[in-house]
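**Student:** Have a look at this one.
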Amino acid sequence: MAKNHYADPNYRRVHRLVVGSGVLCAHCQRAKATTLDHDPPLAMHKHRPSGHCCRLLPSCEDCNRESARQVLTGTWRPGADMVTPELEPERAGIPADDKRWRVPWLKGLLAPPDNAVWPRLMTVPHPRAVGSLGAEFIAWTEERTGRDLRWWQRLVATRLLEVDAAERLVWETLVLSMARQLGKSWLLRELCLWRIHQGERYGEPQDVLHTGKDLAICKEVQRPARIWAKARPDVYRVREVNGQEEIELLADGSRWMLRAKEAVYGYAVSCAAADEAWKVRPSSVDEGLTPTMAEREQPQLYLVSTAHRLATSLMLGRRQSALEQLDLGDGDLIIEWSAPQGAELDDMDAWKLASPHWTPHRQRQIGKQLQALQSGEIEDPEEPDPEESFRAQWLNQWPRKLAAPTGKSERLLPEGLWDELAELGLASDGAVWVAVEDDFGMGAAVAAVARLADGRLEVDGWLCADWDSALADVEALGQVRQVRQVIVGASLLDRSPRLATPAAGRETRTGLALLRDLAVNGQLAHDASTYDLDRAIEAAHVRESATGLILTARGPTHLVRAAVWALQAAHKRVPVPAIR
């Protein structure tokens, strides 16, 4: 590619005049430019040498690589930032003696006990709030468990369950954060269990979906409740299938379901909870959960997490947004115990600010962790920096900007799962959704998805020698089947049928998660003769990033992209004109 660039006289001239003069990178304005960046990128337009079809921007190597990454993942946009800016300086909180806390339902909670501390950051009462269901929840939980809630747990529940004059919940989202091992998961368990008993209040069965950093954490949170429910078989049905654990209230079918963070698509939920949400990608919530919650009565989303340096933009973005509305009360509800930025590691007052429940045992525990840090003994496989690990876990200090993802890639589907979905002689005769993707000019792929009579989605896909033969296959398919929609790579739209729909990285990321979800739940099928697609799926690996699953370069990834685009379109049942 570089050889082609230098064959362009205009490129050579600009490179000599601009890069040769020692200018700064046009993106970051910090490093010296060493190359030229095409704007828009070459993959996003038909390039004509010396044709003024794009600009040549001086760029440093880091920003040039970031531009290439954004093109590869489909996140490039005109004027896109190549450098992740730091968040705005963190604002101060609102002290406990502020008159805005003097509302009737917080009476008795305004003076923390000696072993507790007021949240450093908490949103003021909602302007529509006139009361809270907190007292009802507290009584229900303490009767069920036989133990008193801690002061901070009563405070969080009371704030979360604030209601307006019609007794409707006023908060849609809770952002709850504090240091480790303080009872966050205990409170989350009681909130989820309480919610499935509120079907009569909200006029419909309650579906609670609980996800998190990994499924093992979710299982551990729910486990005591499953044991309790199994002892009451006349009231509850408990399911313990791996990856689909749930508690069902027999009276009305309300459920508390556990699902992996990649498998939250396809559910309409009344309440969603993400535990250790620092590792949950935004698309799981913003595209997998939030849209379906809008269909339910008084839905709520709980984002619960201790800080982490490698946090995705889900918690960082929601937290920042909530802080901007801290003293207005009409955004998300944030309740956070944390040490302020700049606190010293050995500042015991800072430890207490991150710990709403304080005991001598906790003081000794944090002291031992600090001693281990200073002696080089802290080992966290997900955080190579011992000091950052201590600040996140025990001071609950969130990072000031997104960190680059460092996770290793993993298989798209568990080994052997795709084979289990194969069937001999699958036959469908309804409409199909088709996607076509190019392999950087070295081939193409076609994928087709149809809905079977039992509701499952049949997936097919194959490789083609070039783009023209792929489009010919689409045309031939349209002669025998109704093609509801054709999806193509966004950069190839000008070479596609007139009514084609573009797709890029965003559709790939959400489609990969959807494929995982449907495959795990047995809602996919493919014929035993889908050899090209079999090899592509088996070779496919993904890596988690702040924006979702990213397909790594293994095997025919263009066929995988086409397959997930077609699958996502078929799953949505988008009403579009037929292409014949």
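Within each chain, counting starts at residue 1; across the structure tokens, chains are named A, B, ... in the order shown, with ligands numbered 1 upward in that order.
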For the helix (DSSP H, G or I) assignment from backbone DSSP, which residues of region 322-524 of chain A qualify? Please present them as number ranges by chain.

**Tutor:** A: 322-324, 348-353, 360-374, 386-394, 417-420, 467-480, 490-495, 505-520

**Student:** I'd like the contact shell of region 425-429 of chain A - 7 Å cut-off, only C-alpha atoms, skipping same-chain residues fewer than 3 positions apart - returned as a PyMOL selection string.

**Tutor:** chain A and resi 450+452+527

**Student:** Using only all heavy atoms, please write the residues we just selected to a file, as a PDB file, in the first residue's frame.

**Tutor:**
```
ATOM      1  N   ALA A 450     -32.931 -17.724   7.626  1.00  0.00           N
ATOM      2  CA  ALA A 450     -34.380 -17.894   7.479  1.00  0.00           C
ATOM      3  C   ALA A 450     -34.955 -18.378   8.798  1.00  0.00           C
ATOM      4  O   ALA A 450     -34.245 -18.938   9.639  1.00  0.00           O
ATOM      5  CB  ALA A 450     -34.696 -18.893   6.373  1.00  0.00           C
ATOM      6  N   LEU A 452     -37.310 -20.863  10.878  1.00  0.00           N
ATOM      7  CA  LEU A 452     -37.934 -22.179  10.802  1.00  0.00           C
ATOM      8  C   LEU A 452     -39.312 -22.158  11.449  1.00  0.00           C
ATOM      9  O   LEU A 452     -39.655 -21.230  12.195  1.00  0.00           O
ATOM     10  CB  LEU A 452     -37.043 -23.216  11.488  1.00  0.00           C
ATOM     11  CG  LEU A 452     -35.657 -23.430  10.848  1.00  0.00           C
ATOM     12  CD1 LEU A 452     -34.788 -24.292  11.748  1.00  0.00           C
ATOM     13  CD2 LEU A 452     -35.796 -24.055   9.462  1.00  0.00           C
ATOM     14  N   ASP A 527     -27.672 -26.425   8.511  1.00  0.00           N
ATOM     15  CA  ASP A 527     -27.620 -27.722   7.846  1.00  0.00           C
ATOM     16  C   ASP A 527     -26.241 -28.343   8.035  1.00  0.00           C
ATOM     17  O   ASP A 527     -25.240 -27.638   8.218  1.00  0.00           O
ATOM     18  CB  ASP A 527     -27.927 -27.561   6.354  1.00  0.00           C
ATOM     19  CG  ASP A 527     -28.221 -28.905   5.693  1.00  0.00           C
ATOM     20  OD1 ASP A 527     -29.381 -29.351   5.797  1.00  0.00           O
ATOM     21  OD2 ASP A 527     -27.290 -29.498   5.127  1.00  0.00           O
TER      22      ASP A 527
END
```

**Student:** Expressed in Å to a single decimal, how great is the separation between CA of Ala525 (chain A) and CA of Glu423 (chain A)?

**Tutor:** 7.0 Å

**Student:** Select, from A:Leu345, A:Ala453, A:Leu323, A:Leu413, the residue with the minimum atom-to-atom distance to Ala263 (chain A), counting only C-alpha atoms.

**Tutor:** A:Leu413

**Student:** What's around Leu182 (chain A) at 8 Å? Count only C-alpha atoms, leave out sequence neighbours fewer than 4 positions away in its own chain, and write the answer as a PyMOL selection string.

**Tutor:** chain A and resi 178+355-357

**Student:** Please save N, CA and C atoms of the selected residues as a CSV table (one decimal), in the first residue's frame.

**Tutor:**
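out_36.csv, freshly written:
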```
chain,number,residue,atom,x,y,z
A,178,MET,N,-18.6,1.3,45.6
A,178,MET,CA,-17.8,1.4,46.8
A,178,MET,C,-16.7,0.4,46.8
A,355,SER,N,-15.5,3.2,52.3
A,355,SER,CA,-16.0,2.1,53.0
A,355,SER,C,-17.2,2.5,53.9
A,356,PRO,N,-18.4,2.4,53.4
A,356,PRO,CA,-19.6,2.8,54.2
A,356,PRO,C,-19.8,2.1,55.4
A,357,HIS,N,-19.2,0.9,55.6
A,357,HIS,CA,-19.3,0.2,56.9
A,357,HIS,C,-17.9,-0.1,57.4
```

**Student:** Which of these residues is nearest to Leu457 (chain A), using only C-alpha atoms: A:Ala472, A:Val520, A:Ala540, A:Ala570?

**Tutor:**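 Smallest distance to Leu457 (chain A) is found for A:Ala570.
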